[in-house]
Amino acid sequence: MPPAMTRTVAALALALLAGLARAETILVSNEKDNTITALDGESLRILRTVPVGERPRGIALSQDRRHLYICAGDSDRVEVLDLETWQVVQHLPSGPDPELLALHPDGRRLFVANEDDNMVTVVDVQRGLVLREIPVGVEPEGMGISPDGRFVVNTSETTNMAHVIDAESGEIVANILVGARPRAVAWAPDGRRFWVSAEIGGTLTLIETEGWRVTGHVEFAVPGVPPEAIQPVGMALSGDGARLFVALGPANRVAVVDTRTARVERYLLVGQRVWNLALSTDGSRLYTTNGVSNDLSVIDVAAMRVTRSVPVGQAPWGVVVRP
């Protein structure tokens, strides 16, 4: 094959691979207009907007990626959206005011934080039944399951604790004091540690599973932004676990944290009131939901800069990427 043709074939192959890497759908929950927005991962254009229950916030994909589980807080249920027909096909019991949820690696058990009754509800998604209710602290919020599925961590906003739950027995094995108003949980890939964000405390807490002890903290300082506006909420960990991306709420920034040194590498300016974030399937893009500017910021991870702002629904809150 002539060299010019070889180069052309190689370029076409790379373009095809790039296209495949973008063959994904970005799903966003819009808290104020009760919808889910679906965007094409390549073009970033809106594919459709789907009406769902009242005040949708936390969302998670089913194991086969055919369904989206939606915390419809003001409807007091978890809704199941079929991602082929784009219809809500089931209502799961959840307890009052579900806010965040996490699916166990077995693909069957859904752990749901119910803000109004201080419980974590365990739901069998196949049978549509409540398996267990686990009492935790006041105003449970964050949910994070260890990579091996052994432990579930719930955060309670008013008690200011991370509650470590044995996933099989439902027993609480540790209650760990963290910063004020803890929100999200992010587990390291090796399952030996996890991070907890504290919205009012303005910090991250690092907890080791050996002895369930606090071993580190991260504090934030954004030039020109008052400390009270720096409110860590959602987090996303890079595939290799080396970087933790942290949404800083009304600071309108995403912090990039080196997990090996527990130091902030930089701050990236995004939309107004950034709530949550998710990485693309290949890790090259980071998507953030901005609840006041009603848009999705797109960050080029290699270049560490925002490349696009895409309008979505009213008060976008949760975001997941469907391969």
# chains A, B, ... in the order shown; residues from 1 in each chain; ligands from 1
>>> closest_atom_pairs(of="segment 169-226 of chain A", to="segment 126-135 of chain A", cutoff="12 Å", atoms="only C-alpha atoms", output="tab-separated table")
residue	atom	partner	partner_atom	distance
A:Ser169	CA	A:Arg132	CA	9.6
A:Gly170	CA	A:Ile134	CA	6.5
A:Glu171	CA	A:Ile134	CA	7.8
A:Ile172	CA	A:Ile134	CA	8.4
>>> select_by_dssp(residues="segment 247-310 of chain A", states="strand (DSSP E)", output="PyMOL selection string")
chain A and resi 247+253-258+263-269+274-279+285-290+295-300+305-310
>>> write_last_selection(atoms="N, CA, C and O atoms", output="short mmCIF file (atom, residue, chain, number, x, y, z; two decimals), in the first residue's frame")
data_model
loop_
_atom_site.label_atom_id
_atom_site.label_comp_id
_atom_site.auth_asym_id
_atom_site.auth_seq_id
_atom_site.Cartn_x
_atom_site.Cartn_y
_atom_site.Cartn_z
N ALA A 247 -17.02 19.26 42.63
CA ALA A 247 -17.89 20.40 42.35
C ALA A 247 -17.96 21.29 43.58
O ALA A 247 -18.26 20.80 44.68
N ARG A 253 -16.82 26.61 40.50
CA ARG A 253 -15.54 26.01 40.14
C ARG A 253 -15.59 24.50 40.34
O ARG A 253 -16.35 23.99 41.18
N VAL A 254 -14.75 23.80 39.57
CA VAL A 254 -14.43 22.41 39.83
C VAL A 254 -12.99 22.37 40.30
O VAL A 254 -12.09 22.90 39.62
N ALA A 255 -12.77 21.77 41.46
CA ALA A 255 -11.41 21.60 41.96
C ALA A 255 -10.84 20.29 41.44
O ALA A 255 -11.55 19.28 41.40
N VAL A 256 -9.58 20.32 41.06
CA VAL A 256 -8.88 19.12 40.62
C VAL A 256 -7.88 18.76 41.72
O VAL A 256 -6.93 19.51 41.98
N VAL A 257 -8.11 17.62 42.38
CA VAL A 257 -7.31 17.22 43.53
C VAL A 257 -6.42 16.05 43.16
O VAL A 257 -6.88 15.05 42.59
N ASP A 258 -5.13 16.15 43.48
CA ASP A 258 -4.19 15.04 43.34
C ASP A 258 -4.40 14.13 44.55
O ASP A 258 -4.13 14.52 45.69
N ARG A 263 -3.58 17.40 47.51
CA ARG A 263 -3.45 18.83 47.23
C ARG A 263 -4.24 19.20 45.99
O ARG A 263 -4.38 18.40 45.07
N VAL A 264 -4.74 20.44 46.00
CA VAL A 264 -5.50 20.94 44.86
C VAL A 264 -4.53 21.36 43.76
O VAL A 264 -3.64 22.18 43.99
N GLU A 265 -4.70 20.78 42.57
CA GLU A 265 -3.85 21.14 41.44
C GLU A 265 -4.29 22.45 40.79
O GLU A 265 -3.48 23.27 40.40
N ARG A 266 -5.61 22.62 40.65
CA ARG A 266 -6.12 23.81 40.00
C ARG A 266 -7.64 23.90 40.20
O ARG A 266 -8.27 22.94 40.65
N TYR A 267 -8.16 25.06 39.83
CA TYR A 267 -9.61 25.28 39.85
C TYR A 267 -10.06 25.65 38.43
O TYR A 267 -9.41 26.45 37.76
N LEU A 268 -11.16 25.06 38.00
CA LEU A 268 -11.69 25.31 36.67
C LEU A 268 -13.02 26.04 36.78
O LEU A 268 -13.93 25.58 37.48
N LEU A 269 -13.13 27.17 36.12
CA LEU A 269 -14.36 27.96 36.14
C LEU A 269 -15.41 27.31 35.25
O LEU A 269 -15.17 27.07 34.06
N VAL A 274 -22.49 24.78 40.54
CA VAL A 274 -22.20 23.45 40.02
C VAL A 274 -22.53 22.40 41.09
O VAL A 274 -22.03 22.46 42.21
N TRP A 275 -23.37 21.45 40.70
CA TRP A 275 -23.86 20.45 41.64
C TRP A 275 -23.10 19.14 41.56
O TRP A 275 -22.55 18.65 42.54
N ASN A 276 -23.12 18.55 40.37
CA ASN A 276 -22.56 17.20 40.22
C ASN A 276 -21.78 17.10 38.92
O ASN A 276 -21.84 18.00 38.07
N LEU A 277 -21.06 15.98 38.76
CA LEU A 277 -20.23 15.82 37.58
C LEU A 277 -20.04 14.35 37.25
O LEU A 277 -20.24 13.47 38.10
N ALA A 278 -19.68 14.09 36.00
CA ALA A 278 -19.45 12.72 35.54
C ALA A 278 -18.44 12.74 34.42
O ALA A 278 -18.42 13.66 33.59
N LEU A 279 -17.61 11.69 34.37
CA LEU A 279 -16.62 11.56 33.31
C LEU A 279 -17.21 10.80 32.12
O LEU A 279 -18.06 9.92 32.30
N ARG A 285 -13.42 13.59 28.84
CA ARG A 285 -14.28 14.73 29.11
C ARG A 285 -14.89 14.62 30.50
O ARG A 285 -15.16 13.52 30.98
N LEU A 286 -15.13 15.78 31.10
CA LEU A 286 -15.85 15.86 32.37
C LEU A 286 -17.06 16.75 32.15
O LEU A 286 -16.94 17.85 31.61
N TYR A 287 -18.23 16.26 32.56
CA TYR A 287 -19.47 17.00 32.41
C TYR A 287 -19.95 17.47 33.78
O TYR A 287 -19.98 16.69 34.73
N THR A 288 -20.35 18.74 33.88
CA THR A 288 -20.84 19.26 35.15
C THR A 288 -22.25 19.83 34.99
O THR A 288 -22.56 20.45 33.98
N THR A 289 -23.09 19.61 36.00
CA THR A 289 -24.43 20.20 36.01
C THR A 289 -24.40 21.48 36.83
O THR A 289 -23.97 21.49 37.99
N ASN A 290 -24.89 22.56 36.24
CA ASN A 290 -24.84 23.88 36.86
C ASN A 290 -26.26 24.37 37.11
O ASN A 290 -26.98 24.75 36.19
N ASP A 295 -27.19 24.88 32.73
CA ASP A 295 -26.42 24.35 31.63
C ASP A 295 -25.49 23.24 32.08
O ASP A 295 -25.37 22.95 33.29
N LEU A 296 -24.85 22.64 31.10
CA LEU A 296 -23.87 21.59 31.31
C LEU A 296 -22.53 22.12 30.80
O LEU A 296 -22.42 22.51 29.64
N SER A 297 -21.53 22.16 31.68
CA SER A 297 -20.18 22.53 31.24
C SER A 297 -19.44 21.28 30.80
O SER A 297 -19.57 20.22 31.41
N VAL A 298 -18.65 21.41 29.73
CA VAL A 298 -17.86 20.31 29.20
C VAL A 298 -16.39 20.66 29.35
O VAL A 298 -15.92 21.67 28.82
N ILE A 299 -15.66 19.81 30.07
CA ILE A 299 -14.25 20.06 30.36
C ILE A 299 -13.39 19.06 29.59
O ILE A 299 -13.63 17.84 29.66
N ASP A 300 -12.40 19.56 28.88
CA ASP A 300 -11.39 18.73 28.25
C ASP A 300 -10.38 18.36 29.34
O ASP A 300 -9.67 19.23 29.85
N ARG A 305 -9.42 22.48 30.60
CA ARG A 305 -10.15 23.71 30.32
C ARG A 305 -11.57 23.39 29.88
O ARG A 305 -11.84 22.32 29.31
N VAL A 306 -12.46 24.32 30.11
CA VAL A 306 -13.85 24.19 29.68
C VAL A 306 -13.93 24.51 28.19
O VAL A 306 -13.42 25.55 27.74
N THR A 307 -14.56 23.62 27.44
CA THR A 307 -14.64 23.81 25.99
C THR A 307 -16.04 24.15 25.49
O THR A 307 -16.19 24.73 24.43
N ARG A 308 -17.06 23.78 26.25
CA ARG A 308 -18.43 24.02 25.82
C ARG A 308 -19.33 24.29 27.01
O ARG A 308 -19.07 23.82 28.13
N SER A 309 -20.41 25.01 26.75
CA SER A 309 -21.50 25.16 27.70
C SER A 309 -22.77 24.84 26.94
O SER A 309 -23.06 25.46 25.92
N VAL A 310 -23.54 23.86 27.44
CA VAL A 310 -24.71 23.38 26.72
C VAL A 310 -25.96 23.60 27.58
O VAL A 310 -26.08 23.02 28.66
#
>>> closest_atom_pairs(of="segment 144-194 of chain A", to="segment 46-66 of chain A", cutoff="12 Å", atoms="only C-alpha atoms", output="tab-separated table")
residue	atom	partner	partner_atom	distance
A:Gly144	CA	A:Ala60	CA	11.7
A:Arg183	CA	A:Gly58	CA	11.9
A:Ala184	CA	A:Gly58	CA	11.0
>>> atom_distance(atom1="atom CA of Val319 of chain A", atom2="atom CA of Thr215 of chain A")
29.5 Å
>>> closest_residue(among="A:Ser293, A:Gln231, A:Asn175, A:Ser280", to="Val214 of chain A", atoms="only C-alpha atoms")
A:Asn175
>>> atom_distance(atom1="atom CA of Asp116 of chain A", atom2="atom CA of Leu92 of chain A")
17.1 Å
>>> atom_distance(atom1="atom CA of Val321 of chain A", atom2="atom CA of Ile70 of chain A")
14.0 Å
